[in-house]
>>> print(open('my_file-v2.txt').read())   # compact mmCIF, C-alpha atoms
# COMPACT_ATOMS: atom_id res chain seq x y z
CA MET A 1 83.27 30.69 52.95
CA THR A 2 81.90 33.77 51.22
CA GLY A 3 79.23 35.98 52.72
CA VAL A 4 76.55 34.54 50.47
CA GLU A 5 77.45 30.96 51.42
CA ASN A 6 77.37 31.90 55.10
CA LEU A 7 73.96 33.43 54.72
CA TRP A 8 72.70 30.41 52.78
CA SER A 9 73.98 27.95 55.35
CA TYR A 10 72.14 29.93 58.01
CA LEU A 11 68.88 30.11 56.04
CA SER A 12 68.93 26.46 55.08
CA THR A 13 69.02 25.41 58.74
CA THR A 14 65.97 27.37 59.92
CA PRO A 15 62.33 26.82 58.98
CA LEU A 16 62.01 30.59 58.43
CA LEU A 17 62.94 30.66 54.76
CA TRP A 18 60.50 28.07 53.38
CA LEU A 19 57.71 29.04 55.76
CA THR A 20 58.00 32.64 54.49
CA ALA A 21 58.36 31.51 50.88
CA THR A 22 55.18 29.39 51.11
CA LEU A 23 53.16 32.22 52.61
CA LEU A 24 54.46 34.79 50.10
CA ALA A 25 53.87 32.46 47.13
CA TYR A 26 50.30 31.92 48.33
CA LEU A 27 49.71 35.66 48.88
CA ALA A 28 51.01 36.39 45.37
CA ALA A 29 48.88 33.61 43.83
CA ASP A 30 45.81 34.72 45.78
CA ALA A 31 46.32 38.39 44.81
CA LEU A 32 46.65 37.41 41.16
CA ALA A 33 43.55 35.18 41.28
CA ARG A 34 41.53 37.97 42.94
CA ARG A 35 42.74 40.50 40.42
CA LEU A 36 41.46 38.23 37.64
CA SER A 37 38.26 37.79 39.75
CA ASN A 38 38.99 34.14 40.60
CA PRO A 39 38.70 32.40 37.22
CA PRO A 40 38.61 28.58 37.55
CA TRP A 41 41.91 28.06 35.75
CA ALA A 42 43.81 30.40 38.09
CA ASN A 43 43.81 27.82 40.91
CA THR A 44 45.58 29.25 43.96
CA VAL A 45 47.07 25.93 45.11
CA LEU A 46 48.43 25.19 41.64
CA MET A 47 49.83 28.69 41.11
CA SER A 48 51.53 28.70 44.54
CA VAL A 49 53.10 25.31 43.81
CA LEU A 50 54.31 26.49 40.41
CA LEU A 51 55.94 29.51 42.08
CA ILE A 52 57.74 27.47 44.74
CA ALA A 53 58.81 24.36 42.81
CA PRO A 54 61.27 26.12 40.44
CA VAL A 55 62.87 27.92 43.42
CA LEU A 56 63.40 24.57 45.19
CA TRP A 57 64.82 23.08 42.02
CA PHE A 58 67.11 26.05 41.39
CA THR A 59 68.46 26.08 44.96
CA GLN A 60 68.67 22.27 44.99
CA THR A 61 66.54 22.16 48.13
CA THR A 62 65.11 18.76 49.04
CA TYR A 63 61.44 18.37 49.91
CA ALA A 64 62.43 17.31 53.45
CA THR A 65 64.23 20.66 53.94
CA TYR A 66 61.34 22.58 52.39
CA PHE A 67 58.84 20.75 54.60
CA GLU A 68 60.72 21.70 57.79
CA GLY A 69 59.44 25.21 57.15
CA ALA A 70 56.19 24.40 55.35
CA GLN A 71 55.03 21.92 58.02
CA PHE A 72 53.68 24.79 60.13
CA ILE A 73 51.25 25.64 57.35
CA HIS A 74 50.53 21.98 56.56
CA PHE A 75 49.66 21.49 60.22
CA LEU A 76 46.84 24.06 59.95
CA LEU A 77 44.85 21.59 57.80
CA GLY A 78 43.74 19.93 61.05
CA PRO A 79 42.25 23.01 62.77
CA ALA A 80 40.85 24.16 59.38
CA THR A 81 38.93 20.86 59.06
CA VAL A 82 37.52 21.36 62.56
CA ALA A 83 36.57 24.94 61.60
CA LEU A 84 34.27 23.58 58.85
CA ALA A 85 31.80 22.87 61.67
CA LEU A 86 30.85 26.57 61.79
CA PRO A 87 29.50 26.92 58.20
CA LEU A 88 27.64 23.64 58.72
CA TRP A 89 26.10 25.09 61.88
CA ASP A 90 25.24 28.37 60.12
CA ASN A 91 23.40 26.42 57.39
CA ARG A 92 21.67 23.94 59.72
CA GLU A 93 18.15 25.01 58.67
CA THR A 94 18.65 24.28 54.95
CA ILE A 95 20.68 21.16 55.79
CA ARG A 96 17.81 19.82 57.88
CA ASN A 97 15.60 20.17 54.81
CA SER A 98 18.04 18.42 52.51
CA VAL A 99 19.04 15.34 54.48
CA ALA A 100 17.80 12.94 51.77
CA PRO A 101 19.60 14.70 48.87
CA ILE A 102 22.76 14.94 50.99
CA LEU A 103 22.88 11.26 51.93
CA LEU A 104 22.01 9.93 48.47
CA ALA A 105 24.31 12.34 46.60
CA LEU A 106 27.04 11.33 49.05
CA LEU A 107 26.56 7.63 48.38
CA VAL A 108 26.23 7.98 44.59
CA GLY A 109 29.07 10.53 44.29
CA SER A 110 31.43 8.50 46.45
CA VAL A 111 30.74 5.21 44.64
CA VAL A 112 31.04 6.82 41.17
CA ALA A 113 34.29 8.59 42.16
CA ALA A 114 35.98 5.34 43.18
CA GLY A 115 34.11 2.93 40.87
CA SER A 116 34.69 4.88 37.64
CA ALA A 117 38.39 5.24 38.44
CA ILE A 118 38.75 1.49 39.15
CA LEU A 119 36.89 0.48 35.97
CA MET A 120 38.82 2.87 33.71
CA ALA A 121 42.13 1.80 35.25
CA ARG A 122 41.19 -1.83 34.55
CA ALA A 123 40.23 -0.97 30.98
CA PHE A 124 43.67 0.61 30.51
CA ASP A 125 45.34 -2.50 32.01
CA LEU A 126 47.09 -0.60 34.78
CA PRO A 127 48.93 -2.68 37.40
CA THR A 128 46.76 -3.77 40.34
CA GLU A 129 48.73 -1.75 42.90
CA VAL A 130 48.19 1.37 40.79
CA ILE A 131 44.42 0.67 40.68
CA LEU A 132 44.40 0.18 44.46
CA SER A 133 46.31 3.45 44.93
CA LEU A 134 43.84 5.26 42.66
CA ALA A 135 40.59 4.03 44.25
CA PRO A 136 40.46 6.39 47.29
CA LYS A 137 41.60 9.50 45.34
CA SER A 138 38.47 11.60 45.98
CA THR A 139 38.66 11.60 49.75
CA THR A 140 40.73 13.77 52.06
CA ALA A 141 44.44 12.83 52.11
CA PRO A 142 44.76 11.24 55.59
CA VAL A 143 41.81 8.90 54.91
CA ALA A 144 42.97 8.15 51.35
CA LEU A 145 46.46 7.20 52.57
CA GLY A 146 45.03 4.95 55.28
CA VAL A 147 42.65 3.21 52.85
CA SER A 148 45.35 2.84 50.19
CA GLU A 149 47.69 1.21 52.68
CA ALA A 150 44.98 -1.09 54.01
CA ILE A 151 43.98 -2.41 50.58
CA GLY A 152 47.55 -2.81 49.28
CA GLY A 153 48.11 0.42 47.33
CA LEU A 154 51.17 2.67 47.31
CA PRO A 155 50.60 5.58 49.74
CA THR A 156 53.03 7.92 47.92
CA LEU A 157 51.21 7.40 44.63
CA THR A 158 47.86 7.88 46.39
CA ALA A 159 49.08 11.16 47.91
CA VAL A 160 49.98 12.48 44.45
CA LEU A 161 46.68 11.30 42.93
CA VAL A 162 44.63 12.81 45.78
CA ILE A 163 46.21 16.26 45.38
CA LEU A 164 45.90 16.14 41.58
CA THR A 165 42.22 15.13 41.90
CA GLY A 166 41.62 18.09 44.22
CA ILE A 167 43.19 20.55 41.79
CA ILE A 168 41.36 19.04 38.79
CA GLY A 169 38.00 19.17 40.60
CA ALA A 170 38.60 22.75 41.75
CA ILE A 171 39.40 23.82 38.18
CA ILE A 172 36.53 22.05 36.37
CA VAL A 173 33.66 22.53 38.84
CA THR A 174 32.71 26.10 37.91
CA PRO A 175 32.72 25.70 34.09
CA LEU A 176 30.96 22.32 34.40
CA MET A 177 28.13 23.63 36.60
CA ASN A 178 27.77 26.76 34.46
CA VAL A 179 27.47 24.70 31.28
CA LEU A 180 24.79 22.55 32.95
CA ASN A 181 23.10 25.76 34.15
CA ILE A 182 22.94 24.49 37.75
CA GLN A 183 22.26 27.41 40.06
CA ASP A 184 21.68 25.55 43.32
CA TRP A 185 24.77 26.44 45.38
CA ARG A 186 24.08 23.55 47.75
CA ALA A 187 24.24 20.99 44.93
CA ARG A 188 27.28 22.65 43.29
CA GLY A 189 29.21 22.76 46.54
CA PHE A 190 28.24 19.26 47.58
CA ALA A 191 29.38 17.79 44.25
CA VAL A 192 32.84 19.33 44.42
CA GLY A 193 33.25 18.33 48.07
CA VAL A 194 32.47 14.67 47.30
CA ALA A 195 34.64 14.51 44.19
CA ALA A 196 37.56 16.77 45.12
CA HIS A 197 37.79 16.89 48.98
CA GLY A 198 39.49 19.89 50.64
CA ILE A 199 40.96 21.57 47.56
CA GLY A 200 37.51 21.47 45.96
CA THR A 201 36.07 22.84 49.22
CA ALA A 202 38.61 25.68 49.16
CA ARG A 203 37.42 26.56 45.65
CA ALA A 204 33.77 26.40 46.76
CA PHE A 205 34.43 28.90 49.57
CA GLN A 206 36.08 31.18 47.01
CA VAL A 207 32.89 31.19 44.92
CA ASN A 208 30.00 31.16 47.41
CA PRO A 209 29.65 30.64 51.19
CA VAL A 210 26.71 28.21 50.87
CA ALA A 211 28.64 26.18 48.29
CA GLY A 212 31.57 26.17 50.73
CA ALA A 213 29.44 24.93 53.61
CA TYR A 214 27.99 22.08 51.52
CA ALA A 215 31.40 21.18 50.12
CA GLY A 216 32.68 20.95 53.70
CA ILE A 217 29.81 18.62 54.69
CA ALA A 218 30.42 16.47 51.61
CA MET A 219 34.13 16.24 52.32
CA ALA A 220 33.61 15.26 55.96
CA LEU A 221 30.90 12.69 55.15
CA ASN A 222 32.97 11.24 52.31
CA ALA A 223 35.89 10.83 54.69
CA LEU A 224 33.60 8.64 56.81
CA LEU A 225 32.12 6.73 53.86
CA THR A 226 35.23 6.07 51.74
CA SER A 227 36.89 3.84 54.31
CA LEU A 228 33.78 1.63 54.11
CA THR A 229 32.97 1.73 50.38
CA VAL A 230 36.39 1.59 48.72
CA PRO A 231 37.55 -1.76 50.19
CA PHE A 232 34.19 -3.23 49.15
CA LEU A 233 34.31 -1.74 45.62
CA VAL A 234 37.87 -2.93 45.15
CA LYS A 235 36.88 -6.49 46.03
CA TRP A 236 33.90 -6.35 43.75
CA LEU A 237 35.42 -4.59 40.70
CA ILE A 238 38.96 -5.96 40.49
CA MET B 239 41.55 34.95 67.51
CA LEU B 240 43.52 33.07 70.17
CA PRO B 241 40.48 31.67 72.06
CA THR B 242 39.14 30.35 68.73
CA LEU B 243 42.47 28.71 67.88
CA GLY B 244 42.58 27.28 71.39
CA LEU B 245 39.13 25.78 70.95
CA LEU B 246 39.85 24.38 67.45
CA LEU B 247 43.09 22.80 68.65
CA SER B 248 41.42 21.39 71.79
CA CYS B 249 38.71 19.79 69.66
CA GLN B 250 41.36 18.36 67.35
CA LEU B 251 43.37 17.04 70.29
CA ILE B 252 40.31 15.33 71.77
CA GLY B 253 39.47 13.96 68.29
CA GLU B 254 42.98 12.57 67.74
CA VAL B 255 43.09 10.99 71.19
CA ALA B 256 39.61 9.46 70.80
CA VAL B 257 40.42 8.07 67.34
CA ARG B 258 43.55 6.38 68.66
CA ALA B 259 42.03 5.18 71.90
CA LEU B 260 38.97 3.70 70.20
CA GLY B 261 40.70 2.61 66.98
CA LEU B 262 38.18 4.49 64.79
CA PRO B 263 38.72 4.47 60.98
CA VAL B 264 38.38 8.30 60.66
CA PRO B 265 40.97 11.07 60.91
CA GLY B 266 41.03 12.94 64.23
CA PRO B 267 40.04 16.30 62.68
CA VAL B 268 36.88 14.77 61.15
CA LEU B 269 35.78 13.47 64.55
CA ALA B 270 36.75 16.86 66.04
CA PHE B 271 34.53 18.55 63.43
CA SER B 272 31.56 16.55 64.78
CA LEU B 273 32.56 17.47 68.32
CA LEU B 274 32.53 21.19 67.47
CA ILE B 275 29.05 20.85 65.92
CA LEU B 276 27.92 19.27 69.18
CA LEU B 277 29.45 22.18 71.15
CA LEU B 278 27.66 24.70 68.90
CA TRP B 279 24.41 22.86 69.46
CA VAL B 280 24.85 22.97 73.24
CA TRP B 281 26.07 26.60 73.21
CA PRO B 282 24.81 28.47 70.12
CA ALA B 283 26.33 31.79 71.27
CA LEU B 284 29.73 30.27 70.50
CA ALA B 285 29.13 30.70 66.76
CA ASP B 286 29.51 34.50 66.80
CA LYS B 287 32.70 34.26 68.82
CA LEU B 288 34.26 31.83 66.35
CA ARG B 289 33.13 33.60 63.18
CA PRO B 290 35.91 36.20 62.65
CA THR B 291 38.85 33.76 62.95
CA VAL B 292 37.09 30.84 61.24
CA GLY B 293 36.19 33.21 58.38
CA VAL B 294 39.87 34.00 57.81
CA ILE B 295 40.87 30.32 58.00
CA LEU B 296 38.20 29.13 55.53
CA ALA B 297 38.79 32.00 53.11
CA ASN B 298 42.43 30.86 52.89
CA LEU B 299 41.91 27.11 52.90
CA SER B 300 43.98 26.83 49.71
CA LEU B 301 47.11 27.98 51.57
CA MET B 302 47.09 24.83 53.71
CA PHE B 303 47.30 22.57 50.64
CA VAL B 304 50.40 24.28 49.23
CA PRO B 305 53.01 22.20 51.15
CA ALA B 306 51.34 18.94 50.01
CA GLY B 307 51.05 20.35 46.49
CA VAL B 308 54.78 21.09 46.40
CA GLY B 309 55.33 17.47 47.51
CA VAL B 310 53.43 16.30 44.43
CA ILE B 311 55.91 18.04 42.10
CA GLY B 312 58.78 16.22 43.82
CA ASN B 313 57.02 12.87 43.53
CA LEU B 314 55.60 13.11 40.01
CA ASP B 315 57.92 10.27 38.98
CA VAL B 316 55.70 7.78 40.89
CA LEU B 317 53.19 8.25 38.06
CA SER B 318 55.89 6.70 35.81
CA GLU B 319 54.97 5.89 32.19
CA ASP B 320 51.28 5.74 33.13
CA TRP B 321 51.06 9.48 33.82
CA LEU B 322 48.95 10.43 30.81
CA VAL B 323 46.47 7.58 31.37
CA LEU B 324 46.27 8.42 35.08
CA LEU B 325 45.67 12.10 34.34
CA PHE B 326 42.94 11.16 31.87
CA ILE B 327 41.29 8.85 34.42
CA LEU B 328 41.44 11.53 37.14
CA VAL B 329 39.79 14.13 34.91
CA VAL B 330 37.02 11.81 33.64
CA SER B 331 36.37 10.19 37.01
CA THR B 332 36.21 13.56 38.82
CA LEU B 333 33.84 14.84 36.13
CA LEU B 334 31.61 11.75 36.45
CA ALA B 335 31.59 11.92 40.26
CA MET B 336 30.53 15.58 40.20
CA LEU B 337 27.81 14.92 37.61
CA ALA B 338 26.50 11.94 39.59
CA ALA B 339 26.49 13.87 42.87
CA VAL B 340 24.95 17.08 41.50
CA PHE B 341 22.12 15.33 39.62
CA THR B 342 21.37 13.00 42.54
CA PHE B 343 21.27 16.00 44.88
CA ILE B 344 18.91 17.99 42.66
CA GLY B 345 16.78 14.97 41.65
CA VAL B 346 16.26 13.68 45.20
CA GLY B 347 15.63 17.26 46.34
CA ARG B 348 12.77 17.60 43.83
CA LEU B 349 11.28 14.18 44.67
CA THR B 350 11.27 14.71 48.42
CA ARG B 351 9.87 18.24 48.07
CA ASN B 352 7.03 16.94 45.88
CA ARG B 353 6.11 14.34 48.45
CA ILE B 354 5.80 16.93 51.21
CA THR B 355 3.70 19.44 49.21
>>> encode(input="my_file-v2.txt", output="structure tokens")
Amino acid sequence: MTGVENLWSYLSTTPLLWLTATLLAYLAADALARRLSNPPWANTVLMSVLLIAPVLWFTQTTYATYFEGAQFIHFLLGPATVALALPLWDNRETIRNSVAPILLALLVGSVVAAGSAILMARAFDLPTEVILSLAPKSTTAPVALGVSEAIGGLPTLTAVLVILTGIIGAIIVTPLMNVLNIQDWRARGFAVGVAAHGIGTARAFQVNPVAGAYAGIAMALNALLTSLTVPFLVKWLI
Amino acid sequence: MLPTLGLLLSCQLIGEVAVRALGLPVPGPVLAFSLLILLLWVWPALADKLRPTVGVILANLSLMFVPAGVGVIGNLDVLSEDWLVLLFILVVSTLLAMLAAVFTFIGVGRLTRNRIT
């Protein structure tokens, strides 16, 4: 074995390489986004993924091997979700005054997110299991996977659709709200949290702390609501 | 930093255990999020102690989605020949959901404010 092969066989057996690669790709993507002053199209998740994917392909690394390192970062999604309690607490005064808008926007946003996807998928004659996998796409991944499985969808397809929805929402929210001239950060944040879960929430925090707090509330409430509404909508619309 | 991480993980642990023990249809971290709000309500001084570390975590929320995002690239073939239609549906549906939510939020906000004043 040559020196390079020796080194590679060492690196490919420890989580160090892909953990470091994920962090560095993110730092590079984040630095670039900041330098461009966070334009909507320079999505940090998307740019990080586009930096890592070719490296995995070039080194013929499987996702399972990559994930052995990246799992430590993936794991932080849990504590990060818990941490969303603090911005909610910090904004409790304004939240107390907007309970009615929050609950109704949650219900309408959640139903439109799933209902419009189901109806369009039907109009395009997609297979039923694809429609079922698509229905919970706007909620946070663990809930979406659970719902998808329960109603007969394909969890792997749902996982892909959930992440894509998050990235799409994070990219279109700022231009959309600017075009509509909506300046209420609570409404802007809430909308992206309902439609595009955590990745949308990450974008909201990048833009404005109040928007971030409301996106976090929307994401958490939609996680609770989706497991109730989607099975019902699926029965009704398919 | 470490006490905050300890608290966040403890909440998550309690959340995960409770969800499994009671068979609740929510993810553990979402229940844990409610638990932390309850803790802040009981002990408001906690907020300032959590703020520095939580600030760093929430400012870098995107980082935590990168591993799942990389997984999407590897699984893009599940979209099969429907990929363009699916992409179209995702864009339109996300757009509609945001429009519906933002106008409901603002509309209901105006209505309820008018009733009070």
>>> interface_residues(input="my_file-v2.txt", of="chain A", to="chain B", cutoff="7 Å", atoms="all atoms listed in the file", output="PyMOL selection string")
chain A and resi 26+44-45+48-49+53+63+67+70+73-74+76-86+89+98+100-102+104-106+108-109+112-113+116-117+120+142-143+157+160+163+165+168-169+187-188+191-192+195+199+202+205-206+220+223-224+227
>>> atom_distance(input="my_file-v2.txt", atom1="atom CA of A:Ala215", atom2="atom CA of A:Trp236")
28.4 Å
>>> atom_distance(input="my_file-v2.txt", atom1="atom CA of A:Ile52", atom2="atom CA of A:Ser133")
26.6 Å
>>> atom_distance(input="my_file-v2.txt", atom1="atom CA of A:Ala218", atom2="atom CA of A:Val194")
5.1 Å
